[in-house]
$ cat coords18.tsv   # TSV, C-alpha atoms and all ligand atoms
chain	number	residue	atom	x	y	z
A	1	MET	CA	48.90	-2.34	18.54
A	2	ASN	CA	45.23	-3.05	18.06
A	3	THR	CA	43.38	-0.29	19.89
A	4	ASN	CA	40.24	-2.43	20.06
A	5	ASP	CA	42.09	-5.07	22.02
A	6	ALA	CA	40.09	-5.82	25.17
A	7	SER	CA	43.18	-5.39	27.34
A	8	ASP	CA	43.54	-1.82	26.09
A	9	GLN	CA	40.17	-0.88	27.59
A	10	THR	CA	41.77	-0.81	31.01
A	11	THR	CA	44.46	1.61	29.90
A	12	ASN	CA	44.06	4.20	27.19
A	13	SER	CA	40.71	3.58	25.51
A	14	PRO	CA	37.76	5.97	25.19
A	15	LEU	CA	35.66	3.51	27.21
A	16	ALA	CA	38.19	3.46	30.03
A	17	LEU	CA	38.17	7.28	30.17
A	18	ALA	CA	34.36	7.30	30.17
A	19	GLU	CA	34.35	4.79	33.04
A	20	LYS	CA	36.74	7.02	34.98
A	21	ALA	CA	34.52	10.05	34.39
A	22	ALA	CA	31.42	8.09	35.40
A	23	ALA	CA	33.11	6.97	38.63
A	24	VAL	CA	33.82	10.61	39.53
A	25	ILE	CA	30.23	11.61	38.72
A	26	ARG	CA	28.82	8.74	40.82
A	27	GLU	CA	31.08	9.59	43.73
A	28	ARG	CA	30.55	13.37	43.68
A	29	SER	CA	26.80	13.31	42.92
A	30	GLY	CA	25.94	10.37	45.16
A	31	ILE	CA	23.78	9.06	42.31
A	32	ASP	CA	24.45	5.46	41.33
A	33	ARG	CA	22.53	5.47	38.12
A	34	HIS	CA	21.45	8.17	35.67
A	35	ASP	CA	18.72	7.48	33.11
A	36	ILE	CA	18.77	10.31	30.57
A	37	ALA	CA	21.67	12.15	28.94
A	38	LEU	CA	20.76	15.70	27.95
A	39	VAL	CA	22.89	18.01	25.81
A	40	LEU	CA	21.61	21.57	25.74
A	41	GLY	CA	22.74	23.40	22.58
A	42	SER	CA	22.39	27.04	21.53
A	43	GLY	CA	19.09	28.44	22.74
A	44	TRP	CA	18.14	25.45	24.92
A	45	GLY	CA	20.00	26.32	28.14
A	46	GLY	CA	16.90	27.43	30.03
A	47	ALA	CA	15.39	23.95	29.99
A	48	ALA	CA	17.60	22.64	32.80
A	49	ASP	CA	15.83	24.79	35.39
A	50	LEU	CA	12.40	23.55	34.32
A	51	ILE	CA	13.07	19.82	34.30
A	52	GLY	CA	13.20	19.11	38.02
A	53	ASP	CA	15.40	19.53	41.09
A	54	THR	CA	19.15	19.78	40.72
A	55	VAL	CA	20.77	17.18	42.95
A	56	SER	CA	24.38	17.82	42.01
A	57	GLU	CA	26.44	20.11	39.80
A	58	ILE	CA	30.10	19.46	39.02
A	59	PRO	CA	32.40	21.79	37.04
A	60	ALA	CA	33.28	20.01	33.78
A	61	GLY	CA	36.98	20.64	34.31
A	62	GLU	CA	36.91	18.43	37.42
A	63	ILE	CA	35.72	15.35	35.52
A	64	PRO	CA	38.22	13.26	33.51
A	65	GLY	CA	38.11	13.92	29.77
A	66	PHE	CA	35.94	17.04	29.82
A	67	HIS	CA	37.19	20.41	28.60
A	68	ALA	CA	36.06	23.97	29.17
A	69	PRO	CA	33.99	25.12	26.15
A	70	ALA	CA	35.61	27.00	23.25
A	71	VAL	CA	32.78	29.50	23.00
A	72	ALA	CA	33.05	31.40	26.26
A	73	GLY	CA	30.04	31.16	28.52
A	74	HIS	CA	29.55	30.83	32.22
A	75	GLY	CA	31.04	27.71	33.71
A	76	ALA	CA	30.25	24.48	31.95
A	77	THR	CA	29.02	21.85	34.38
A	78	LEU	CA	27.63	18.35	34.53
A	79	ARG	CA	24.40	18.59	36.40
A	80	SER	CA	22.28	15.78	37.82
A	81	ILE	CA	18.59	16.58	37.88
A	82	ARG	CA	15.82	14.52	39.43
A	83	VAL	CA	13.03	14.79	36.87
A	84	ASP	CA	9.53	15.05	38.30
A	85	SER	CA	8.84	11.70	36.59
A	86	GLY	CA	11.41	10.14	38.96
A	87	LYS	CA	14.13	9.60	36.38
A	88	ILE	CA	17.55	11.19	36.74
A	89	ALA	CA	18.93	13.33	33.94
A	90	LEU	CA	22.60	14.08	33.42
A	91	VAL	CA	22.79	17.51	31.81
A	92	LEU	CA	26.00	17.86	29.86
A	93	GLY	CA	26.67	21.61	29.85
A	94	SER	CA	29.88	21.33	27.89
A	95	ARG	CA	29.56	19.99	24.38
A	96	THR	CA	32.85	19.62	22.52
A	97	HIS	CA	32.39	20.54	18.87
A	98	PHE	CA	34.29	18.76	16.11
A	99	TYR	CA	35.49	22.15	14.80
A	100	GLU	CA	37.46	22.70	18.01
A	101	GLY	CA	40.00	20.24	16.64
A	102	LYS	CA	40.25	18.17	19.84
A	103	GLY	CA	39.36	15.05	17.89
A	104	VAL	CA	36.40	12.72	17.74
A	105	ARG	CA	37.16	11.11	21.11
A	106	ALA	CA	36.57	14.46	22.83
A	107	VAL	CA	33.32	14.95	20.86
A	108	ALA	CA	32.00	11.52	21.84
A	109	HIS	CA	33.18	11.55	25.46
A	110	GLY	CA	29.98	13.07	26.86
A	111	MET	CA	27.80	10.34	25.37
A	112	ARG	CA	30.18	7.58	26.44
A	113	THR	CA	30.30	8.98	29.95
A	114	ALA	CA	26.50	9.26	30.17
A	115	ALA	CA	26.19	5.65	29.00
A	116	ALA	CA	28.74	4.59	31.61
A	117	CYS	CA	26.55	6.40	34.18
A	118	GLY	CA	23.66	4.16	33.12
A	119	ALA	CA	21.82	6.46	30.70
A	120	THR	CA	19.69	4.61	28.14
A	121	THR	CA	18.19	7.69	26.48
A	122	ALA	CA	20.11	10.56	24.88
A	123	VAL	CA	18.43	13.88	24.17
A	124	LEU	CA	20.56	15.98	21.82
A	125	THR	CA	19.58	19.58	21.14
A	126	ASN	CA	21.23	22.23	18.99
A	127	GLY	CA	20.81	25.57	17.29
A	128	CYS	CA	21.05	25.44	13.51
A	129	GLY	CA	20.24	27.02	10.18
A	130	GLY	CA	16.98	26.22	8.42
A	131	LEU	CA	16.56	25.36	4.74
A	132	ARG	CA	12.79	25.63	4.57
A	133	GLU	CA	11.46	29.10	3.97
A	134	GLU	CA	8.41	28.50	6.14
A	135	TRP	CA	10.62	28.03	9.23
A	136	GLU	CA	11.05	31.31	11.08
A	137	PRO	CA	13.85	31.78	13.61
A	138	GLY	CA	12.64	30.14	16.83
A	139	GLN	CA	11.14	27.08	15.13
A	140	PRO	CA	11.89	23.77	16.92
A	141	VAL	CA	12.29	20.75	14.61
A	142	LEU	CA	12.54	17.04	15.44
A	143	ILE	CA	15.58	15.49	13.78
A	144	SER	CA	14.39	12.52	11.71
A	145	ASP	CA	17.77	11.53	10.27
A	146	HIS	CA	21.15	13.06	9.51
A	147	ILE	CA	23.80	13.46	6.86
A	148	ASN	CA	27.29	13.60	8.33
A	149	LEU	CA	29.52	15.73	6.08
A	150	THR	CA	32.41	15.96	8.54
A	151	GLY	CA	34.18	13.00	6.98
A	152	ALA	CA	34.73	11.71	10.50
A	153	SER	CA	33.29	9.00	12.73
A	154	PRO	CA	33.54	8.68	16.50
A	155	LEU	CA	33.92	4.92	16.11
A	156	GLU	CA	37.32	3.30	15.93
A	157	GLY	CA	38.39	0.16	14.17
A	158	ALA	CA	36.03	-2.20	12.37
A	159	THR	CA	32.95	-1.06	14.28
A	160	PHE	CA	30.09	-1.51	11.82
A	161	VAL	CA	27.23	0.07	13.72
A	162	ASP	CA	23.77	0.19	12.11
A	163	LEU	CA	22.23	3.70	12.01
A	164	THR	CA	18.67	2.82	10.95
A	165	ASP	CA	16.07	4.79	12.96
A	166	LEU	CA	19.01	6.54	14.68
A	167	TYR	CA	16.67	9.28	15.90
A	168	ALA	CA	14.04	6.97	17.34
A	169	SER	CA	10.63	7.32	15.74
A	170	ARG	CA	9.20	6.17	19.08
A	171	LEU	CA	10.66	9.23	20.82
A	172	ARG	CA	9.61	11.58	18.02
A	173	ASP	CA	6.04	10.31	18.39
A	174	LEU	CA	6.27	10.93	22.10
A	175	ALA	CA	7.49	14.51	21.49
A	176	ARG	CA	4.54	15.03	19.17
A	177	ASP	CA	2.19	13.96	21.96
A	178	VAL	CA	3.39	17.15	23.68
A	179	ASP	CA	3.30	19.33	20.55
A	180	PRO	CA	1.59	17.80	17.49
A	181	SER	CA	2.76	20.72	15.33
A	182	LEU	CA	6.46	19.81	15.59
A	183	PRO	CA	7.91	19.24	12.10
A	184	ASP	CA	10.58	16.65	11.19
A	185	GLY	CA	13.81	17.41	9.36
A	186	VAL	CA	17.07	15.89	8.17
A	187	TYR	CA	20.06	17.49	9.90
A	188	VAL	CA	23.22	18.02	7.86
A	189	GLN	CA	26.42	18.49	9.83
A	190	PHE	CA	29.20	20.53	8.28
A	191	ARG	CA	32.56	20.79	9.97
A	192	GLY	CA	32.39	24.58	10.55
A	193	PRO	CA	33.23	26.83	12.29
A	194	HIS	CA	32.46	29.02	9.29
A	195	TYR	CA	28.86	29.00	8.15
A	196	GLU	CA	28.09	27.50	4.72
A	197	THR	CA	28.26	29.28	1.41
A	198	PRO	CA	24.88	29.64	-0.32
A	199	ALA	CA	26.09	26.99	-2.83
A	200	GLU	CA	26.80	24.56	0.01
A	201	VAL	CA	23.37	25.23	1.45
A	202	GLN	CA	21.83	24.41	-1.95
A	203	MET	CA	23.84	21.20	-2.02
A	204	ALA	CA	22.55	20.29	1.46
A	205	LYS	CA	19.02	20.84	0.18
A	206	ILE	CA	19.51	18.76	-2.97
A	207	ILE	CA	20.92	15.81	-1.04
A	208	GLY	CA	17.89	15.80	1.26
A	209	GLY	CA	18.73	18.16	4.11
A	210	ASP	CA	16.39	20.48	5.99
A	211	LEU	CA	18.75	21.79	8.68
A	212	VAL	CA	22.45	22.71	8.70
A	213	GLY	CA	24.61	22.73	11.79
A	214	MET	CA	27.97	21.92	13.35
A	215	SER	CA	27.17	19.34	16.02
A	216	THR	CA	25.00	16.36	16.96
A	217	THR	CA	25.71	13.72	14.29
A	218	LEU	CA	28.94	12.39	15.80
A	219	GLU	CA	27.37	12.41	19.27
A	220	ALA	CA	24.35	10.51	17.95
A	221	ILE	CA	26.57	7.86	16.40
A	222	ALA	CA	28.50	7.47	19.66
A	223	ALA	CA	25.22	7.27	21.60
A	224	ARG	CA	23.94	4.56	19.24
A	225	GLU	CA	27.16	2.59	19.63
A	226	ALA	CA	26.66	2.84	23.40
A	227	GLY	CA	23.16	1.39	23.02
A	228	MET	CA	21.16	4.51	23.83
A	229	GLU	CA	17.84	5.52	22.26
A	230	ILE	CA	18.15	9.01	20.78
A	231	LEU	CA	15.92	12.05	20.52
A	232	GLY	CA	17.30	14.98	18.51
A	233	ILE	CA	15.71	18.41	18.49
A	234	SER	CA	16.99	21.43	16.59
A	235	LEU	CA	16.15	25.05	17.11
A	236	VAL	CA	16.22	26.95	13.82
A	237	THR	CA	17.85	30.22	14.83
A	238	ASN	CA	18.45	31.53	11.30
A	239	PRO	CA	17.66	30.84	7.68
A	240	ALA	CA	20.76	29.13	6.25
A	241	ALA	CA	23.03	31.22	4.02
A	242	GLY	CA	21.32	32.28	0.81
A	243	ILE	CA	17.88	31.13	2.00
A	244	SER	CA	17.23	34.69	3.15
A	245	PRO	CA	18.87	37.69	1.39
A	246	THR	CA	20.65	38.95	4.54
A	247	PRO	CA	24.06	37.61	5.66
A	248	LEU	CA	24.31	35.53	8.83
A	249	SER	CA	25.37	37.24	12.02
A	250	HIS	CA	26.40	35.29	15.12
A	251	ASP	CA	24.80	38.01	17.29
A	252	GLU	CA	21.45	37.58	15.52
A	253	VAL	CA	21.72	33.82	15.95
A	254	ILE	CA	22.25	34.30	19.70
A	255	ALA	CA	19.37	36.80	19.89
A	256	ALA	CA	16.96	34.42	18.13
A	257	GLY	CA	17.95	31.64	20.52
A	258	ARG	CA	17.39	33.90	23.49
A	259	ALA	CA	13.98	35.04	22.23
A	260	ALA	CA	12.79	31.46	21.69
A	261	GLY	CA	14.40	30.21	24.91
A	262	PRO	CA	11.48	30.23	27.35
A	263	ARG	CA	9.06	28.61	24.87
A	264	ILE	CA	11.35	25.83	23.69
A	265	SER	CA	12.67	25.19	27.19
A	266	ARG	CA	9.10	24.57	28.38
A	267	LEU	CA	8.53	22.26	25.42
A	268	LEU	CA	11.69	20.28	26.12
A	269	ALA	CA	10.92	20.00	29.83
A	270	ASP	CA	7.46	18.64	29.01
A	271	ILE	CA	8.94	16.10	26.61
A	272	ILE	CA	11.54	14.96	29.14
A	273	GLN	CA	8.79	14.27	31.68
A	274	ARG	CA	7.51	11.58	29.32
A	275	LEU	CA	10.77	9.78	28.59
B	1	LIG	I1	22.89	28.57	15.45
B	1	LIG	O1	23.34	28.38	9.51
B	1	LIG	C1	23.60	27.94	13.71
B	1	LIG	N1	24.51	26.98	13.65
B	1	LIG	N2	26.48	25.08	9.89
B	1	LIG	N3	24.89	26.75	9.70
B	1	LIG	C2	25.65	25.94	10.47
B	1	LIG	N4	25.60	25.94	11.78
B	1	LIG	C3	24.75	26.80	12.36
B	1	LIG	C4	23.94	27.67	11.64
B	1	LIG	C5	24.02	27.65	10.22
B	1	LIG	N5	23.22	28.39	12.51
$ encode --input "coords18.tsv" --output "structure tokens"
Amino acid sequence: MNTNDASDQTTNSPLALAEKAAAVIRERSGIDRHDIALVLGSGWGGAADLIGDTVSEIPAGEIPGFHAPAVAGHGATLRSIRVDSGKIALVLGSRTHFYEGKGVRAVAHGMRTAAACGATTAVLTNGCGGLREEWEPGQPVLISDHINLTGASPLEGATFVDLTDLYASRLRDLARDVDPSLPDGVYVQFRGPHYETPAEVQMAKIIGGDLVGMSTTLEAIAAREAGMEILGISLVTNPAAGISPTPLSHDEVIAAGRAAGPRISRLLADIIQRL
């Protein structure tokens, strides 16, 4: 059976599941149309409270296609926030990582659902390792492009989507209106969940990378397919393996994210006001 067959979209397709999820969000939130999809990665969680007033918050497990997160945290939710600018943001508090092994459909579901809710802008944030020695833990970086080393795509069938200017230069310019010192970087996604070897980090550098992480690229591709304009922002929480002489520790990564939290959350909230 051809899974791209139009008739299949009413039964078992990723788009049908996203439509179902969007219907539940519309019904439970009372909001007909969202404008901005926001994924808050490691270190960025504090931004939600600074963006505007929360209109609705729904546990992820109560929305079709969403899973509880693999890394335990307090309840993942989908939260609708009225931004002071008047736009409505859908904050996706439960990112599914590719390394969880639930498949690319689960990874892309958040973006597809946000698009089905009406969102035309996707803001993707993450915590990652840095390849440039001048970047201290706590450094926010605008993603200018990516290299997807997962070997996977969220697209199915002969879906030849162009990825030029995937991380919109227009939105990066707008972010730099808020903070002109924000650097750009190319984000390299590895499958994880292990961190890279120093040799792999050197490879990432040689092929043009500035940041290494385990998320974002597949979501960005799905968001592009869905027609959204994308802003990607990384928080460098650690020098990538071998860039600094000390081994990586997940606890230190969490601590760096926490320390930078208030500053980068303020930055992100200010950027979102302008979208
Ligand atoms: I936070 O150094 C965080 N996430 N792949 N490498 C990869 N992912 C990360 C890293 C890192 N730090």
$ closest_residue --input "coords18.tsv" --among "A:Ala16, A:Ile243, A:Ala168, A:Ile207" --to "Val123 (chain A)" --atoms "all atoms listed in the file"
A:Ala168
$ atom_distance --input "coords18.tsv" --atom1 "CA of Ser265 (chain A)" --atom2 "CA of Gly227 (chain A)"
26.3 Å
$ residues_near_ligand --input "coords18.tsv" --ligand "ligand LIG 1 (chain B)" --cutoff "6 Å" --atoms "all atoms listed in the file" --output "mmCIF file with C-alpha atoms, keeping the file's coordinate frame"
data_model
loop_
_atom_site.group_PDB
_atom_site.id
_atom_site.type_symbol
_atom_site.label_atom_id
_atom_site.label_comp_id
_atom_site.auth_asym_id
_atom_site.auth_seq_id
_atom_site.Cartn_x
_atom_site.Cartn_y
_atom_site.Cartn_z
ATOM 1 C CA GLY A 127 20.810 25.570 17.290
ATOM 2 C CA CYS A 128 21.050 25.440 13.510
ATOM 3 C CA GLY A 129 20.240 27.020 10.180
ATOM 4 C CA PHE A 190 29.200 20.530 8.280
ATOM 5 C CA GLY A 192 32.390 24.580 10.550
ATOM 6 C CA TYR A 195 28.860 29.000 8.150
ATOM 7 C CA GLU A 196 28.090 27.500 4.720
ATOM 8 C CA VAL A 212 22.450 22.710 8.700
ATOM 9 C CA GLY A 213 24.610 22.730 11.790
ATOM 10 C CA MET A 214 27.970 21.920 13.350
ATOM 11 C CA THR A 237 17.850 30.220 14.830
ATOM 12 C CA ASN A 238 18.450 31.530 11.300
ATOM 13 C CA ALA A 240 20.760 29.130 6.250
ATOM 14 C CA VAL A 253 21.720 33.820 15.950
#
$ atom_distance --input "coords18.tsv" --atom1 "CA of Gln273 (chain A)" --atom2 "CA of Lys87 (chain A)"
8.5 Å
$ closest_residue --input "coords18.tsv" --among "A:Gly93, A:Pro193, A:Val107, A:Asn12" --to "Gly46 (chain A)" --atoms "all atoms listed in the file"
A:Gly93
$ residues_around --input "coords18.tsv" --residues "Arg224 (chain A)" --least-positions-apart "5" --cutoff "8 Å" --atoms "only C-alpha atoms" --output "count of residues only"
5
$ closest_residue --input "coords18.tsv" --among "A:Ala241, A:Ala89, A:Ala259, A:Ile264" --to "Leu211 (chain A)" --atoms "all atoms listed in the file"
A:Ala241
